[in-house]
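S.K.: Please find query-v4.txt (compact mmCIF, C-alpha atoms) on the next line:
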```txt
# COMPACT_ATOMS: atom_id res chain seq x y z
CA MET Z 157 194.99 199.48 112.22
CA CYS Z 158 195.02 202.27 109.63
CA VAL Z 159 192.07 203.46 107.55
CA LEU Z 160 193.14 204.38 104.02
CA PRO Z 161 191.10 206.31 101.45
CA ILE Z 162 190.33 204.74 98.09
CA LEU Z 163 190.60 207.14 95.13
CA SER Z 164 189.07 206.68 91.72
CA PHE Z 165 190.79 207.25 88.38
CA THR Z 166 189.48 210.81 88.42
CA GLY Z 167 190.85 211.49 91.90
CA GLU Z 168 187.55 211.32 93.81
CA LYS Z 169 187.23 209.44 97.09
CA ILE Z 170 185.02 206.40 96.53
CA GLY Z 171 185.53 204.52 99.78
CA GLU Z 172 187.85 203.39 102.54
CA THR Z 173 189.81 200.28 103.40
CA THR Z 174 191.79 199.10 106.41
CA LEU Z 175 195.44 198.14 106.62
CA ASN Z 176 196.15 196.07 109.72
CA LEU Z 177 199.85 195.14 109.71
CA LYS Z 178 202.06 193.73 112.39
CA SER Z 179 204.52 196.33 113.67
CA ALA Z 180 207.57 196.17 115.93
CA PRO Z 181 207.33 197.88 119.33
CA PRO Z 182 208.26 201.59 119.22
CA GLU Z 183 211.41 201.06 121.28
CA THR Z 184 212.81 198.44 118.85
CA ALA Z 185 211.18 199.41 115.54
CA ARG Z 186 214.06 201.62 114.41
CA ALA Z 187 216.65 198.94 115.17
CA VAL Z 188 214.69 196.23 113.36
CA VAL Z 189 214.28 198.31 110.20
CA HIS Z 190 217.91 199.45 110.33
CA ARG Z 191 219.20 195.90 110.62
CA ALA Z 192 217.05 194.77 107.69
CA ILE Z 193 218.09 197.58 105.35
CA ILE Z 194 221.78 197.11 106.20
CA THR Z 195 221.39 193.39 105.48
CA ASP Z 196 219.83 194.09 102.07
CA GLN Z 197 222.53 196.56 101.14
CA ARG Z 198 225.38 194.31 102.24
CA ASN Z 199 223.92 191.27 100.49
CA ALA Z 200 223.66 193.31 97.28
CA ARG Z 201 227.42 193.90 97.26
CA ARG Z 202 229.30 191.67 94.85
CA GLY Z 203 232.57 191.94 96.74
CA THR Z 204 234.69 191.58 93.59
CA ALA Z 205 236.92 194.64 94.09
CA SER Z 206 240.55 193.53 93.90
CA THR Z 207 243.95 195.22 93.74
CA LEU Z 208 247.46 193.85 93.24
CA THR Z 209 250.09 193.86 95.93
CA ARG Z 210 253.73 194.46 95.05
CA ALA Z 211 254.19 190.68 94.91
CA GLU Z 212 251.42 190.32 92.31
CA VAL Z 213 252.30 193.22 89.99
CA ARG Z 214 254.15 192.08 86.89
CA GLY Z 215 257.78 193.14 86.58
CA GLY Z 216 260.04 194.76 89.12
CA GLY Z 217 262.50 191.90 89.34
CA ARG Z 218 265.51 193.97 88.34
CA LYS Z 219 267.04 196.51 90.64
CA PRO Z 220 266.40 199.93 89.01
CA TYR Z 221 269.85 201.36 89.74
CA PRO Z 222 272.84 200.55 91.94
CA GLN Z 223 272.51 200.67 95.66
CA LYS Z 224 275.24 203.28 96.12
CA LYS Z 225 276.91 206.24 94.40
CA THR Z 226 273.72 207.67 92.83
CA GLY Z 227 272.82 210.24 95.47
CA GLY Z 228 269.26 208.91 95.52
CA ALA Z 229 267.30 206.77 97.93
CA ARG Z 230 267.80 203.03 97.89
CA ARG Z 231 265.31 201.16 95.68
CA GLY Z 232 265.12 197.46 95.06
CA SER Z 233 262.11 197.29 92.72
CA GLN Z 234 260.04 199.51 90.40
CA ARG Z 235 256.89 197.88 91.75
CA THR Z 236 257.19 199.37 95.23
CA PRO Z 237 253.97 201.01 96.46
CA LEU Z 238 255.83 204.33 96.47
CA ARG Z 239 256.08 204.37 92.66
CA PRO Z 240 253.35 204.82 90.00
CA GLY Z 241 252.35 201.42 88.67
CA GLY Z 242 253.48 199.70 91.83
CA GLY Z 243 251.51 197.53 94.18
CA VAL Z 244 248.78 198.71 96.53
CA VAL Z 245 249.19 198.58 100.29
CA PHE Z 246 246.18 197.14 102.15
CA GLY Z 247 244.00 197.40 99.02
CA PRO Z 248 240.64 195.64 98.66
CA LYS Z 249 240.50 191.93 97.95
CA PRO Z 250 237.48 189.76 97.02
CA LYS Z 251 235.28 189.43 100.07
CA ASP Z 252 231.89 188.01 100.99
CA TRP Z 253 229.87 190.86 102.52
CA SER Z 254 226.64 188.91 103.00
CA ILE Z 255 225.10 188.57 106.42
CA LYS Z 256 222.10 186.58 107.61
CA ILE Z 257 218.80 187.84 108.92
CA ASN Z 258 215.92 185.77 110.20
CA ARG Z 259 212.98 185.54 107.84
CA LYS Z 260 210.50 186.65 110.51
CA GLU Z 261 212.66 189.64 111.37
CA LYS Z 262 212.88 190.74 107.73
CA ARG Z 263 209.15 190.31 107.33
CA LEU Z 264 208.57 192.38 110.48
CA ALA Z 265 210.84 195.17 109.16
CA ILE Z 266 208.84 195.45 105.93
CA SER Z 267 205.49 195.50 107.71
CA THR Z 268 206.81 198.05 110.22
CA ALA Z 269 208.00 200.36 107.44
CA ILE Z 270 204.69 200.18 105.57
CA ASN Z 271 202.69 200.66 108.76
CA SER Z 272 204.81 203.69 109.68
CA ALA Z 273 204.13 205.24 106.28
CA ALA Z 274 200.41 204.56 106.67
CA VAL Z 275 200.33 206.18 110.11
CA SER Z 276 202.02 209.30 108.72
CA GLU Z 277 199.33 209.49 105.99
CA SER Z 278 201.81 208.78 103.20
CA VAL Z 279 199.79 205.85 101.84
CA PHE Z 280 196.55 205.79 99.88
CA VAL Z 281 194.70 203.29 97.73
CA VAL Z 282 193.52 203.59 94.13
CA GLU Z 283 190.90 201.51 92.41
CA ASP Z 284 191.93 198.26 90.75
CA ASN Z 285 192.52 197.88 87.01
CA ILE Z 286 194.07 201.33 86.62
CA GLY Z 287 196.13 199.99 83.74
CA ASP Z 288 192.99 199.26 81.73
CA LYS Z 289 192.22 202.98 81.66
CA PHE Z 290 195.13 203.63 79.29
CA ASP Z 291 194.48 202.81 75.65
CA LYS Z 292 198.14 203.29 74.80
CA PRO Z 293 201.33 204.22 76.66
CA LYS Z 294 201.33 207.96 77.33
CA THR Z 295 203.51 209.50 80.02
CA ARG Z 296 201.73 212.86 79.87
CA GLU Z 297 198.35 211.27 80.59
CA PHE Z 298 199.81 209.27 83.48
CA ILE Z 299 201.30 212.43 85.02
CA GLU Z 300 197.89 214.09 84.84
CA VAL Z 301 196.37 211.09 86.64
CA ILE Z 302 198.86 211.11 89.52
CA LYS Z 303 198.40 214.86 89.88
CA ARG Z 304 194.67 214.25 90.35
CA TRP Z 305 195.64 211.89 93.15
CA GLY Z 306 197.65 214.65 94.82
CA LEU Z 307 201.08 213.31 93.86
CA ASP Z 308 203.89 215.56 92.77
CA PRO Z 309 205.85 214.00 89.85
CA LYS Z 310 209.03 215.42 91.40
CA MET Z 311 208.46 213.52 94.64
CA LYS Z 312 209.49 209.90 95.05
CA SER Z 313 206.51 207.58 94.78
CA MET Z 314 206.17 203.82 94.92
CA PHE Z 315 203.28 201.93 93.33
CA LEU Z 316 202.66 198.44 94.69
CA MET Z 317 200.30 196.37 92.53
CA THR Z 318 199.63 192.68 92.19
CA GLU Z 319 199.73 193.00 88.40
CA ILE Z 320 201.12 195.83 86.27
CA ALA Z 321 199.54 196.31 82.85
CA ASP Z 322 201.92 196.91 79.96
CA ASN Z 323 200.43 200.31 79.10
CA LEU Z 324 200.76 201.42 82.72
CA ARG Z 325 204.33 200.18 82.97
CA LEU Z 326 205.35 201.88 79.72
CA SER Z 327 203.59 205.10 80.71
CA SER Z 328 205.44 205.35 84.01
CA ARG Z 329 208.92 204.06 83.20
CA ASN Z 330 210.11 207.45 81.95
CA ILE Z 331 209.45 209.07 85.35
CA GLY Z 332 212.67 208.77 87.33
CA THR Z 333 211.09 209.44 90.72
CA LEU Z 334 208.49 206.67 90.39
CA SER Z 335 208.88 202.94 90.88
CA MET Z 336 206.41 200.19 90.00
CA LEU Z 337 206.64 197.09 92.19
CA THR Z 338 204.79 193.84 92.62
CA PRO Z 339 204.68 191.63 95.74
CA ARG Z 340 207.55 189.60 94.29
CA THR Z 341 209.79 192.67 93.89
CA LEU Z 342 208.72 194.41 97.12
CA ASN Z 343 211.78 195.48 99.10
CA LEU Z 344 212.53 197.59 102.15
CA PHE Z 345 214.77 200.14 100.42
CA ASP Z 346 212.09 201.33 97.97
CA ILE Z 347 209.60 201.64 100.83
CA LEU Z 348 211.92 203.83 102.89
CA ASN Z 349 213.11 205.78 99.86
CA SER Z 350 209.60 206.83 98.81
CA ASP Z 351 207.67 209.87 99.94
CA LYS Z 352 204.31 208.34 98.95
CA LEU Z 353 203.07 204.76 98.69
CA VAL Z 354 200.22 203.94 96.31
CA LEU Z 355 198.38 200.65 96.74
CA THR Z 356 195.42 198.89 95.21
CA GLN Z 357 192.69 196.99 97.01
CA ALA Z 358 194.19 193.70 95.88
CA THR Z 359 197.55 194.81 97.28
CA VAL Z 360 195.98 195.75 100.61
CA ASP Z 361 194.43 192.29 100.83
CA TYR Z 362 197.80 190.74 100.08
CA LEU Z 363 199.59 192.83 102.72
CA ASN Z 364 196.97 192.00 105.35
CA GLN Z 365 197.30 188.32 104.51
CA ARG Z 366 201.10 188.28 104.38
CA TYR Z 367 202.13 190.87 106.97
CA GLY Z 368 198.94 191.36 108.95
CA VAL Z 369 198.43 190.91 112.66
CA ASP Z 370 196.60 187.64 112.07
CA ALA Z 371 199.09 186.35 109.47
CA ASP Z 372 200.39 182.84 110.02
CA GLU Z 373 204.16 182.97 110.58
CA ASP Z 374 204.57 179.36 109.47
CA ASP Z 375 202.62 179.81 106.24
CA GLY Z 376 204.87 178.53 103.45
CA GLU Z 377 202.83 179.96 100.59
CA PHE Z 378 205.28 182.80 99.98
CA ASP Z 379 208.48 181.15 101.21
CA ASP Z 380 209.69 180.40 97.69
CA GLU Z 381 209.37 184.08 96.77
CA GLU Z 382 211.40 185.14 99.80
CA GLU Z 383 214.10 182.57 99.10
CA GLU Z 384 214.31 183.75 95.50
CA GLU Z 385 214.60 187.38 96.61
CA GLU Z 386 217.31 186.55 99.18
CA GLY Z 387 219.27 184.68 96.53
CA LYS Z 388 219.52 187.71 94.25
```
Hey, can you dump this file as C-alpha cells for me?
M.R.:
Amino acid sequence: MCVLPILSFTGEKIGETTLNLKSAPPETARAVVHRAIITDQRNARRGTASTLTRAEVRGGGRKPYPQKKTGGARRGSQRTPLRPGGGVVFGPKPKDWSIKINRKEKRLAISTAINSAAVSESVFVVEDNIGDKFDKPKTREFIEVIKRWGLDPKMKSMFLMTEIADNLRLSSRNIGTLSMLTPRTLNLFDILNSDKLVLTQATVDYLNQRYGVDADEDDGEFDDEEEEEEGK
C-alpha cells in the first residue's frame, strides 16, 4: 500500500490517498513486466516487410553474355543477388509476430509497474476537474501549472485521467514529453517510459478497483476494453 499526496491546482498539498495494487513477487516482477512489454511490442508489428528473391524479380531470363571467351566470370542472369537490381538472399517476408499472453499476467504486469513507480515516489495525485480550470487552450498556462506541481516540462510525464477535457487536451498536446491517457488507452510502455505519473482521485479509485489487491480476477466489467486493446 502506497500513500500518495493530493495536490491542488495551485500546487499545494490538500490531502492524501492510498494506492493498494497487486504486485508480482520481487523475484519474478522483472520477468513478468519484461514478458508483457515484449508481447505488446511484438503484437504492434505489422509484419508486412517483404523483399523479392531472384525468382520473383522481373526480367533476367536472357543470359547477359556468352559463357566463354569474354574473360569475365560466368553469369546466367542479370537478376542474381550479386548484381544491383537483383534478388535478395534471405530477405524478410510477411510474418506474424504476435504472441499470446494471459490476461491475468498482463494485468499483473501493469499493476506491478504502477506500484513500482509509486514506491519510488514517482507518482502523485492532483485534484479532479483540472480541465475545468482552463477557460481556453493555452500551453503556456499548462506548463506553469505542471511546474507548480514540481514537474519539469523536459521530463517524460504521463497523465492518467478518467476523462480529459478538450481544453486540457489541447493545452498539453504540443508538449512532446507529455502523454494524456485514459483507462481505455492505458498501456505498459507509456508507464515504463515515463519519469512521473500523474493521477486523479477518480483514477486512483479505478486502479484500486481494477488492479487492487482485493480486485476480482473474474470480473468481466472491463474485459471488452482489454479485448479491444489486444486487437489493435
S.K.: Find the residues of segment 316-360 of chain Z that sit at most 8 Å from segment 274-280 of chain Z; for each, write down the nearest two atoms and how far apart they are in Å, to one decimal. Count all atoms listed in the file. Sort by chain, then by number going up, and give it as CSV.
M.R.:
```
residue,atom,partner,partner_atom,distance
Z:Asp351,CA,Z:Ser278,CA,6.8
Z:Lys352,CA,Z:Ser278,CA,5.0
Z:Leu353,CA,Z:Val279,CA,4.7
Z:Val354,CA,Z:Phe280,CA,5.4
Z:Leu355,CA,Z:Phe280,CA,6.3
```
S.K.: Between atom CA of Glu172 of chain Z and atom CA of Ser327 of chain Z, what is the spacing in Å?
M.R.: 27.0 Å
S.K.: Neighbours of segment 254-270 of chain Z within 8 Å (all atoms listed in the file; same-chain residues fewer than 5 positions away dropped), as number ranges by chain?
M.R.: Z: 177-180, 185, 188-189, 192, 195, 198-201, 343-344, 347-348, 367-368, 373
S.K.: In Å, rounded to a single decimal, give me how far atom CA of Pro181 of chain Z is from atom CA of Lys312 of chain Z.
M.R.: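 One can read the atom CA of Lys312 of chain Z to atom CA of Pro181 of chain Z distance as 27.2 Å.
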S.K.: Kindly indicate which residue among Z:Ala273, Z:Leu337, Z:Leu342, Z:Val360 lies nearest to Thr173 of chain Z, using all atoms listed in the file for the distances.
M.R.: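 Between Z:Ala273, Z:Leu337, Z:Leu342, Z:Val360, the residue approaching Thr173 of chain Z most closely is Z:Val360.
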S.K.: Distance atom CA of Arg230 of chain Z-atom CA of Gly217 of chain Z, one decimal place?
M.R.: 15.0 Å
S.K.: Measuring between all atoms listed in the file, which one of Z:Glu283, Z:Glu212, Z:Asp196, Z:Glu183 shows the shortest distance to Ser164 of chain Z?
M.R.: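 Closest candidate: Z:Glu283.
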S.K.: Which residue gives the smallest distance to Gly167 of chain Z among Z:Lys294, Z:Arg304, Z:Arg329, Z:Arg235, with all atoms listed in the file counted?
M.R.: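 Of the candidates, the smallest distance to Gly167 of chain Z is held by Z:Arg304.
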S.K.: Against segment 246-251 of chain Z, which residues of segment 157-222 of chain Z fall within 9 Å? For each one I want the closest pair of atoms and the distance in Å (one decimal), counting only C-alpha atoms, rows by chain and increasing residue number, as JSON lines.
M.R.:
```
{"residue": "Z:Arg202", "atom": "CA", "partner": "Z:Lys251", "partner_atom": "CA", "distance": 8.2}
{"residue": "Z:Gly203", "atom": "CA", "partner": "Z:Lys251", "partner_atom": "CA", "distance": 5.0}
{"residue": "Z:Thr204", "atom": "CA", "partner": "Z:Pro250", "partner_atom": "CA", "distance": 4.8}
{"residue": "Z:Ala205", "atom": "CA", "partner": "Z:Pro250", "partner_atom": "CA", "distance": 5.7}
{"residue": "Z:Ser206", "atom": "CA", "partner": "Z:Lys249", "partner_atom": "CA", "distance": 4.4}
{"residue": "Z:Thr207", "atom": "CA", "partner": "Z:Gly247", "partner_atom": "CA", "distance": 5.7}
{"residue": "Z:Leu208", "atom": "CA", "partner": "Z:Gly247", "partner_atom": "CA", "distance": 7.6}
{"residue": "Z:Thr209", "atom": "CA", "partner": "Z:Gly247", "partner_atom": "CA", "distance": 7.7}
```
S.K.: Using all atoms listed in the file, which residues sit within 12 Å of Asp284 of chain Z once same-chain residues fewer than 2 positions away are excluded, as a PDB file with C-alpha atoms, keeping the file's coordinate frame?
M.R.:
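Everything below was put into selection-v8.pdb:
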```pdb
ATOM      1  CA  ILE Z 162     190.330 204.740  98.090  1.00  0.00           C
ATOM      2  CA  LEU Z 163     190.600 207.140  95.130  1.00  0.00           C
ATOM      3  CA  SER Z 164     189.070 206.680  91.720  1.00  0.00           C
ATOM      4  CA  PHE Z 165     190.790 207.250  88.380  1.00  0.00           C
ATOM      5  CA  VAL Z 281     194.700 203.290  97.730  1.00  0.00           C
ATOM      6  CA  VAL Z 282     193.520 203.590  94.130  1.00  0.00           C
ATOM      7  CA  ILE Z 286     194.070 201.330  86.620  1.00  0.00           C
ATOM      8  CA  GLY Z 287     196.130 199.990  83.740  1.00  0.00           C
ATOM      9  CA  ASP Z 288     192.990 199.260  81.730  1.00  0.00           C
ATOM     10  CA  LYS Z 289     192.220 202.980  81.660  1.00  0.00           C
ATOM     11  CA  LEU Z 316     202.660 198.440  94.690  1.00  0.00           C
ATOM     12  CA  MET Z 317     200.300 196.370  92.530  1.00  0.00           C
ATOM     13  CA  THR Z 318     199.630 192.680  92.190  1.00  0.00           C
ATOM     14  CA  GLU Z 319     199.730 193.000  88.400  1.00  0.00           C
ATOM     15  CA  ILE Z 320     201.120 195.830  86.270  1.00  0.00           C
ATOM     16  CA  ALA Z 321     199.540 196.310  82.850  1.00  0.00           C
ATOM     17  CA  VAL Z 354     200.220 203.940  96.310  1.00  0.00           C
ATOM     18  CA  LEU Z 355     198.380 200.650  96.740  1.00  0.00           C
ATOM     19  CA  THR Z 356     195.420 198.890  95.210  1.00  0.00           C
ATOM     20  CA  GLN Z 357     192.690 196.990  97.010  1.00  0.00           C
ATOM     21  CA  ALA Z 358     194.190 193.700  95.880  1.00  0.00           C
ATOM     22  CA  THR Z 359     197.550 194.810  97.280  1.00  0.00           C
ATOM     23  CA  VAL Z 360     195.980 195.750 100.610  1.00  0.00           C
ATOM     24  CA  ASP Z 361     194.430 192.290 100.830  1.00  0.00           C
TER      25      ASP Z 361
END
```
S.K.: Rank Z:Ser328, Z:Leu334, Z:Phe345, Z:Val301 by their smallest atom-to-atom distance to Glu168 of chain Z, using all atoms listed in the file, and report the top residue only.
M.R.: Z:Val301
S.K.: Which one of Z:Thr338, Z:Thr166, Z:Gln223, Z:Ser313 sits closest to Leu363 of chain Z if you count only C-alpha atoms?
M.R.: Z:Thr338
S.K.: Of the residues Z:Arg210, Z:Lys169, Z:Lys310, Z:Arg325, which is the one nearest to Pro240 of chain Z, using all atoms listed in the file?
M.R.: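 Among the listed residues, Z:Arg210 lies closest to Pro240 of chain Z.
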S.K.: So that I can check the surroundings of Pro293 of chain Z, please list as a compact mmCIF listing (two decimals) with C-alpha atoms, in the coordinates of the input every protein, DNA and RNA residue that reaches within 7 Å of it, counting only C-alpha atoms and ignoring chain neighbours fewer than 5 positions away.
M.R.:
```txt
# COMPACT_ATOMS: atom_id res chain seq x y z
CA ASN Z 323 200.43 200.31 79.10
CA LEU Z 324 200.76 201.42 82.72
CA LEU Z 326 205.35 201.88 79.72
CA SER Z 327 203.59 205.10 80.71
```
S.K.: Starting from the structure just given, write a file holding segment 212-242 of chain Z with C-alpha atoms, as a CSV table (one decimal), in the first residue's frame.
M.R.:
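Okay, this is what ended up in out_31.csv:
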```csv
chain,number,residue,atom,x,y,z
Z,212,GLU,CA,10.4,-13.1,-58.2
Z,213,VAL,CA,12.3,-10.2,-59.7
Z,214,ARG,CA,11.1,-9.3,-63.1
Z,215,GLY,CA,13.4,-10.0,-66.0
Z,216,GLY,CA,16.7,-11.8,-66.1
Z,217,GLY,CA,15.6,-14.5,-68.4
Z,218,ARG,CA,18.2,-13.9,-71.1
Z,219,LYS,CA,21.8,-14.8,-70.5
Z,220,PRO,CA,23.7,-11.4,-70.3
Z,221,TYR,CA,26.7,-12.6,-72.4
Z,222,PRO,CA,28.2,-15.8,-73.7
Z,223,GLN,CA,29.5,-18.4,-71.3
Z,224,LYS,CA,33.0,-18.4,-72.7
Z,225,LYS,CA,35.6,-16.1,-74.5
Z,226,THR,CA,34.7,-12.9,-72.6
Z,227,GLY,CA,37.4,-13.1,-69.9
Z,228,GLY,CA,34.7,-12.4,-67.3
Z,229,ALA,CA,33.0,-14.6,-64.7
Z,230,ARG,CA,30.2,-16.8,-65.8
Z,231,ARG,CA,26.7,-15.2,-65.4
Z,232,GLY,CA,23.4,-16.7,-66.3
Z,233,SER,CA,21.0,-13.9,-65.2
Z,234,GLN,CA,21.1,-10.1,-64.5
Z,235,ARG,CA,18.8,-10.8,-61.5
Z,236,THR,CA,21.5,-12.6,-59.5
Z,237,PRO,CA,21.8,-11.3,-55.9
Z,238,LEU,CA,25.3,-10.2,-56.8
Z,239,ARG,CA,24.1,-7.5,-59.2
Z,240,PRO,CA,22.3,-4.2,-58.4
Z,241,GLY,CA,18.5,-4.7,-59.0
Z,242,GLY,CA,18.8,-8.4,-58.4
```
